[in-house]
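Heads up, query-v7.tsv below (TSV, C-alpha atoms):
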chain	number	residue	atom	x	y	z
A	215	ASP	CA	-146.52	11.27	-40.21
A	216	ALA	CA	-148.38	14.47	-39.53
A	217	LYS	CA	-149.58	16.61	-42.38
A	218	THR	CA	-148.53	20.19	-42.78
A	219	THR	CA	-150.32	23.20	-44.22
A	220	GLN	CA	-148.49	26.14	-45.78
A	221	PRO	CA	-149.64	29.18	-47.75
A	222	PRO	CA	-149.07	28.59	-51.46
A	223	SER	CA	-147.11	31.76	-52.05
A	224	MET	CA	-145.57	34.80	-50.39
A	225	ASP	CA	-143.63	37.86	-51.43
A	226	CYS	CA	-140.89	39.54	-49.46
A	227	ALA	CA	-138.84	42.66	-50.12
A	228	GLU	CA	-135.12	42.16	-50.46
A	229	GLY	CA	-133.31	42.85	-47.22
A	230	ARG	CA	-136.40	42.32	-45.10
A	231	ALA	CA	-137.16	39.31	-42.96
A	232	ALA	CA	-139.19	36.57	-44.60
A	233	ASN	CA	-141.52	34.77	-42.20
A	234	LEU	CA	-142.90	31.52	-43.56
A	235	PRO	CA	-145.64	29.88	-41.49
A	236	CYS	CA	-146.47	26.21	-41.24
A	237	ASN	CA	-149.38	24.52	-39.51
A	238	HIS	CA	-148.89	21.00	-38.14
A	239	SER	CA	-151.74	20.67	-35.69
A	240	THR	CA	-151.63	16.85	-35.58
A	241	ILE	CA	-147.95	16.60	-34.74
A	242	SER	CA	-147.09	13.99	-32.15
A	243	GLY	CA	-144.56	14.18	-29.34
A	244	ASN	CA	-141.62	12.53	-31.06
A	245	GLU	CA	-141.99	14.24	-34.43
A	246	TYR	CA	-139.55	16.89	-35.57
A	247	VAL	CA	-140.27	19.85	-37.82
A	248	TYR	CA	-137.94	20.14	-40.81
A	249	TRP	CA	-137.59	22.84	-43.41
A	250	TYR	CA	-136.19	22.38	-46.89
A	251	ARG	CA	-136.17	24.63	-49.91
A	252	GLN	CA	-135.99	23.99	-53.63
A	253	ILE	CA	-134.52	26.64	-55.86
A	254	HIS	CA	-135.78	26.47	-59.44
A	255	SER	CA	-135.95	22.69	-59.90
A	256	GLN	CA	-132.63	22.03	-58.19
A	257	GLY	CA	-132.52	19.32	-55.56
A	258	PRO	CA	-134.14	20.24	-52.25
A	259	GLN	CA	-131.76	21.78	-49.72
A	260	TYR	CA	-131.95	21.23	-45.98
A	261	ILE	CA	-132.40	24.43	-43.98
A	262	ILE	CA	-133.13	23.66	-40.35
A	263	HIS	CA	-135.03	21.36	-38.02
A	264	GLY	CA	-136.36	21.41	-34.46
A	265	LEU	CA	-138.38	19.51	-31.89
A	266	LYS	CA	-139.77	22.07	-29.47
A	267	ASN	CA	-137.13	24.68	-28.81
A	268	ASN	CA	-136.42	27.53	-31.17
A	269	GLU	CA	-133.42	26.90	-33.38
A	270	THR	CA	-131.06	29.13	-35.33
A	271	ASN	CA	-128.30	28.41	-37.78
A	272	GLU	CA	-126.44	30.37	-40.43
A	273	MET	CA	-129.35	30.13	-42.85
A	274	ALA	CA	-132.46	30.71	-40.79
A	275	SER	CA	-134.32	30.61	-37.51
A	276	LEU	CA	-137.11	28.23	-36.60
A	277	ILE	CA	-139.75	29.29	-34.12
A	278	ILE	CA	-142.02	26.53	-32.83
A	279	THR	CA	-145.08	27.42	-30.78
A	280	GLU	CA	-145.35	26.07	-27.27
A	281	ASP	CA	-148.13	23.65	-28.23
A	282	ARG	CA	-146.01	22.62	-31.27
A	283	LYS	CA	-149.00	22.93	-33.58
A	284	SER	CA	-147.35	25.50	-35.79
A	285	SER	CA	-143.96	26.92	-36.63
A	286	THR	CA	-142.39	29.80	-38.52
A	287	LEU	CA	-139.24	29.78	-40.59
A	288	ILE	CA	-137.50	33.12	-40.54
A	289	LEU	CA	-134.98	34.24	-43.13
A	290	PRO	CA	-133.65	37.34	-41.38
A	291	HIS	CA	-132.45	39.30	-44.42
A	292	ALA	CA	-133.93	37.83	-47.57
A	293	THR	CA	-131.96	38.10	-50.80
A	294	LEU	CA	-132.98	37.45	-54.38
A	295	ARG	CA	-131.22	34.06	-54.12
A	296	ASP	CA	-133.69	33.03	-51.44
A	297	THR	CA	-136.47	32.90	-54.03
A	298	ALA	CA	-137.55	29.26	-53.88
A	299	VAL	CA	-140.25	26.85	-52.79
A	300	TYR	CA	-140.02	26.21	-49.05
A	301	TYR	CA	-141.25	22.92	-47.64
A	302	CYS	CA	-142.23	22.28	-44.05
A	303	ILE	CA	-142.12	18.58	-43.15
A	304	VAL	CA	-142.92	16.69	-39.99
A	305	ARG	CA	-141.16	13.42	-39.41
A	306	GLY	CA	-140.70	11.01	-36.52
A	307	THR	CA	-137.47	9.57	-35.17
A	308	SER	CA	-138.32	5.94	-35.71
A	309	GLY	CA	-139.49	3.80	-38.55
A	310	THR	CA	-138.42	4.42	-42.09
A	311	TYR	CA	-137.39	8.09	-41.75
A	312	LYS	CA	-139.19	9.05	-44.91
A	313	TYR	CA	-140.20	12.60	-45.70
A	314	ILE	CA	-143.64	13.46	-46.98
A	315	PHE	CA	-143.35	16.66	-48.96
A	316	GLY	CA	-146.40	18.89	-49.28
A	317	THR	CA	-146.94	21.63	-51.83
A	318	GLY	CA	-144.76	24.13	-49.98
A	319	THR	CA	-144.72	27.93	-50.09
A	320	ARG	CA	-143.35	29.66	-53.14
A	321	LEU	CA	-141.39	32.61	-51.78
A	322	LYS	CA	-140.56	35.39	-54.17
A	323	VAL	CA	-138.02	37.95	-52.98
A	324	LEU	CA	-138.57	41.27	-54.71
A	325	ALA	CA	-135.81	43.76	-55.55
B	81	ASP	CA	-116.46	17.71	-54.81
B	82	THR	CA	-120.11	17.02	-55.57
B	83	ALA	CA	-121.70	15.27	-52.60
B	84	VAL	CA	-124.55	13.52	-54.41
B	85	SER	CA	-124.25	13.18	-58.16
B	86	GLN	CA	-126.63	11.81	-60.75
B	87	THR	CA	-126.16	10.83	-64.36
B	88	PRO	CA	-127.48	11.67	-66.80
B	89	LYS	CA	-128.87	15.13	-66.10
B	90	TYR	CA	-131.31	14.86	-68.99
B	91	LEU	CA	-132.77	11.73	-70.55
B	92	VAL	CA	-135.11	11.72	-73.53
B	93	THR	CA	-136.39	8.37	-74.70
B	94	GLN	CA	-139.33	6.67	-76.36
B	95	MET	CA	-142.12	4.69	-74.80
B	96	GLY	CA	-141.29	1.05	-74.27
B	97	ASN	CA	-137.56	1.58	-73.84
B	98	ASP	CA	-135.52	0.57	-70.79
B	99	LYS	CA	-133.29	3.15	-69.15
B	100	SER	CA	-131.14	3.59	-66.06
B	101	ILE	CA	-130.26	6.56	-63.90
B	102	LYS	CA	-127.15	6.41	-61.74
B	103	CYS	CA	-126.58	7.98	-58.36
B	104	GLU	CA	-123.41	8.21	-56.32
B	105	GLN	CA	-122.69	9.85	-53.00
B	106	ASN	CA	-119.25	10.54	-51.55
B	107	LEU	CA	-120.44	11.49	-48.07
B	108	GLY	CA	-120.04	8.07	-46.50
B	109	HIS	CA	-123.76	7.88	-45.78
B	110	ASP	CA	-125.52	4.61	-45.07
B	111	THR	CA	-128.91	5.45	-46.53
B	112	MET	CA	-129.90	6.48	-50.04
B	113	TYR	CA	-133.24	7.44	-51.55
B	114	TRP	CA	-135.00	7.98	-54.85
B	115	TYR	CA	-137.70	10.64	-55.19
B	116	LYS	CA	-139.94	11.50	-58.14
B	117	GLN	CA	-141.12	15.05	-58.83
B	118	ASP	CA	-143.91	15.17	-61.38
B	119	SER	CA	-145.06	18.02	-63.60
B	120	LYS	CA	-147.19	19.44	-60.78
B	121	LYS	CA	-144.05	19.64	-58.66
B	122	PHE	CA	-145.15	17.07	-56.08
B	123	LEU	CA	-142.07	15.41	-54.63
B	124	LYS	CA	-142.66	11.81	-53.56
B	125	ILE	CA	-140.34	9.21	-52.18
B	126	MET	CA	-140.03	6.03	-54.21
B	127	PHE	CA	-137.35	3.89	-52.56
B	128	SER	CA	-134.85	3.92	-49.76
B	129	TYR	CA	-131.87	1.67	-49.20
B	130	ASN	CA	-129.79	1.32	-46.08
B	131	ASN	CA	-126.43	-0.41	-46.52
B	132	LYS	CA	-127.67	-1.99	-49.76
B	133	GLU	CA	-130.88	-3.25	-48.14
B	134	LEU	CA	-134.29	-2.00	-49.29
B	135	ILE	CA	-136.15	-0.31	-46.43
B	136	ILE	CA	-138.77	1.79	-48.24
B	137	ASN	CA	-140.77	0.84	-51.30
B	138	GLU	CA	-143.65	3.22	-51.83
B	139	THR	CA	-145.93	1.15	-54.04
B	140	VAL	CA	-143.90	1.93	-57.10
B	141	PRO	CA	-144.67	-0.15	-60.24
B	142	ASN	CA	-142.35	-3.11	-60.53
B	143	ARG	CA	-141.07	-1.66	-63.80
B	144	PHE	CA	-138.88	0.42	-61.48
B	145	SER	CA	-136.05	-1.55	-59.97
B	146	PRO	CA	-133.45	0.06	-57.73
B	147	LYS	CA	-130.02	-1.51	-57.53
B	148	SER	CA	-127.46	-0.80	-54.86
B	149	PRO	CA	-124.08	-2.37	-55.71
B	150	ASP	CA	-122.54	-0.74	-52.65
B	151	LYS	CA	-123.63	1.79	-50.10
B	152	ALA	CA	-122.27	4.69	-52.14
B	153	HIS	CA	-124.40	3.91	-55.18
B	154	LEU	CA	-128.12	3.56	-55.78
B	155	ASN	CA	-129.11	3.20	-59.40
B	156	LEU	CA	-132.63	3.26	-60.77
B	157	HIS	CA	-133.56	1.04	-63.70
B	158	ILE	CA	-136.87	1.56	-65.45
B	159	ASN	CA	-138.33	-1.01	-67.84
B	160	SER	CA	-140.95	-0.43	-70.50
B	161	LEU	CA	-141.05	3.33	-70.05
B	162	GLU	CA	-144.45	5.03	-70.16
B	163	LEU	CA	-145.46	8.62	-70.80
B	164	GLY	CA	-146.39	8.99	-67.14
B	165	ASP	CA	-142.84	8.26	-66.10
B	166	SER	CA	-141.80	11.67	-67.39
B	167	ALA	CA	-140.62	13.57	-64.33
B	168	VAL	CA	-137.55	14.77	-62.51
B	169	TYR	CA	-135.94	12.04	-60.41
B	170	PHE	CA	-133.88	13.03	-57.40
B	171	CYS	CA	-131.45	10.88	-55.51
B	172	ALA	CA	-130.64	11.69	-51.87
B	173	SER	CA	-128.53	10.31	-49.06
B	174	SER	CA	-128.24	10.57	-45.31
B	175	PRO	CA	-126.63	8.82	-42.39
B	176	LEU	CA	-129.12	6.31	-40.96
B	177	GLY	CA	-131.66	8.08	-38.79
B	178	ALA	CA	-130.06	11.45	-39.43
B	179	TYR	CA	-132.05	14.62	-39.48
B	180	GLU	CA	-131.19	15.93	-42.91
B	181	GLN	CA	-130.99	14.43	-46.35
B	182	TYR	CA	-128.68	15.62	-49.10
B	183	PHE	CA	-130.20	15.72	-52.55
B	184	GLY	CA	-128.61	15.36	-55.95
B	185	PRO	CA	-129.24	17.79	-58.83
B	186	GLY	CA	-131.92	15.66	-60.42
B	187	THR	CA	-132.41	13.80	-63.69
B	188	ARG	CA	-135.10	15.11	-66.00
B	189	LEU	CA	-136.65	12.14	-67.80
B	190	THR	CA	-138.84	12.80	-70.83
B	191	VAL	CA	-140.69	9.90	-72.41
B	192	THR	CA	-142.09	10.56	-75.88

Kindly return the structure encoded in the file as structure tokens.
Amino acid sequence: DAKTTQPPSMDCAEGRAANLPCNHSTISGNEYVYWYRQIHSQGPQYIIHGLKNNETNEMASLIITEDRKSSTLILPHATLRDTAVYYCIVRGTSGTYKYIFGTGTRLKVLA
Amino acid sequence: DTAVSQTPKYLVTQMGNDKSIKCEQNLGHDTMYWYKQDSKKFLKIMFSYNNKELIINETVPNRFSPKSPDKAHLNLHINSLELGDSAVYFCASSPLGAYEQYFGPGTRLTVT
């Protein structure tokens, strides 16, 4: 599975959009991009995933570049409860379906 | 209504002891996983079972033995506990091949 690179930490003002980047330059054609978050040592929580089109759900939007080498998770109106570690993961659709978690981005939403 | 539950939430024990952590999911999923998150917060997969059959074993010491009595349960038994086993252990489940996994609340194991 491809490796991902994320900034170790980011701050965001409450109510503003949080844009979390992820680099996955070695991604292959059948690999999806997934985002999870972990709030203060709770179990990781699924946020969103995508292959090549931009995706949106009730939690976030996922923007994937045309070459698929990077993506951005957007939390449109960050709240204090969004403070967490955000993980970007690349995983294929065959084989053992395992995730390889990196170090993630620690997002701190400031009041 | 907890989807993935783990017991106990905290476990403190001495080196050399044997302990078990239980995991249950009520989502009807076929696949269950165990992850370990160490003190540096790295989250690594240990095992995965699909319909009670082992499909992932990530070079975990054989002191760790997962047991799946049915597809709703995946328990983790650890023999001869060592200091380095101290970590938070997360159970997760998903339908086979599904996009997302659902994680339990974690079990914090402390070996003294």

Inset, instruction - Could you tell me which of B:Asp150, B:Asp98, B:Glu138, B:Glu104 comes closest to chain A if we count only C-alpha atoms? - result: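 Closest residue, counting only C-alpha atoms: B:Glu138.
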
Inset, instruction - Report as a PyMOL selection string the set of chain A residues whose atoms approach chain B to within 10 Å, with distances computed over all atoms listed in the file. - result: chain A and resi 246-250+255-264+305-318

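A straight line drawn from atom CA of Leu154 of chain B to atom CA of Tyr129 of chain B is 7.8 Å long.
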
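Taking atom CA of Asn155 of chain B and atom CA of Gln105 of chain B as the two end points, the separation is 11.2 Å.
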
Inset, instruction - Pick out the residues sitting within 10 Å of Thr190 of chain B, and hand them over as a PyMOL selection string; count all atoms listed in the file, and ignore anything fewer than 5 positions along from it in its own chain. - result: chain B and resi 90-95+161-168

Given 5 Å of margin on each side, can you work out the centre and size in Å (one decimal) of an axis-aligned box holding every listed atom of segment 225-231 of chain A, as AutoDock Vina command-line options?
--center_x -138.5 --center_y 40.4 --center_z -47.2 --size_x 20.3 --size_y 15.0 --size_z 18.5

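Remark: for Lys322 of chain A, the closest of the candidate residues A:Ala227, A:Asn244, A:Glu269, A:Arg251 is A:Ala227 (distances computed over all atoms listed in the file).
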
Inset, instruction - One decimal, Å: what's the distance from atom CA of Thr218 of chain A over to atom CA of Asn268 of chain A, could you say? - result: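 Taking atom CA of Thr218 of chain A and atom CA of Asn268 of chain A, their separation equals 18.3 Å.
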
Inset, instruction - Find the residue from A:Ile253, A:Ile303, A:Ile277, A:Leu289 that sits nearest to Asn233 of chain A; use only C-alpha atoms when measuring. - result: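 Going through A:Ile253, A:Ile303, A:Ile277, A:Leu289 one by one, the smallest distance to Asn233 of chain A is for A:Leu289.
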
Legend entry - Counting only C-alpha atoms, the option among A:Val304, A:Glu272, A:Thr219, A:Gln252 closest to His291 of chain A: A:Glu272

Inset, instruction - For Thr293 of chain A, please output as a PyMOL selection string all residues within 7 Å (counting all atoms listed in the file; exclusion window: fewer than 4 positions along the same chain). - result: chain A and resi 228-229+323
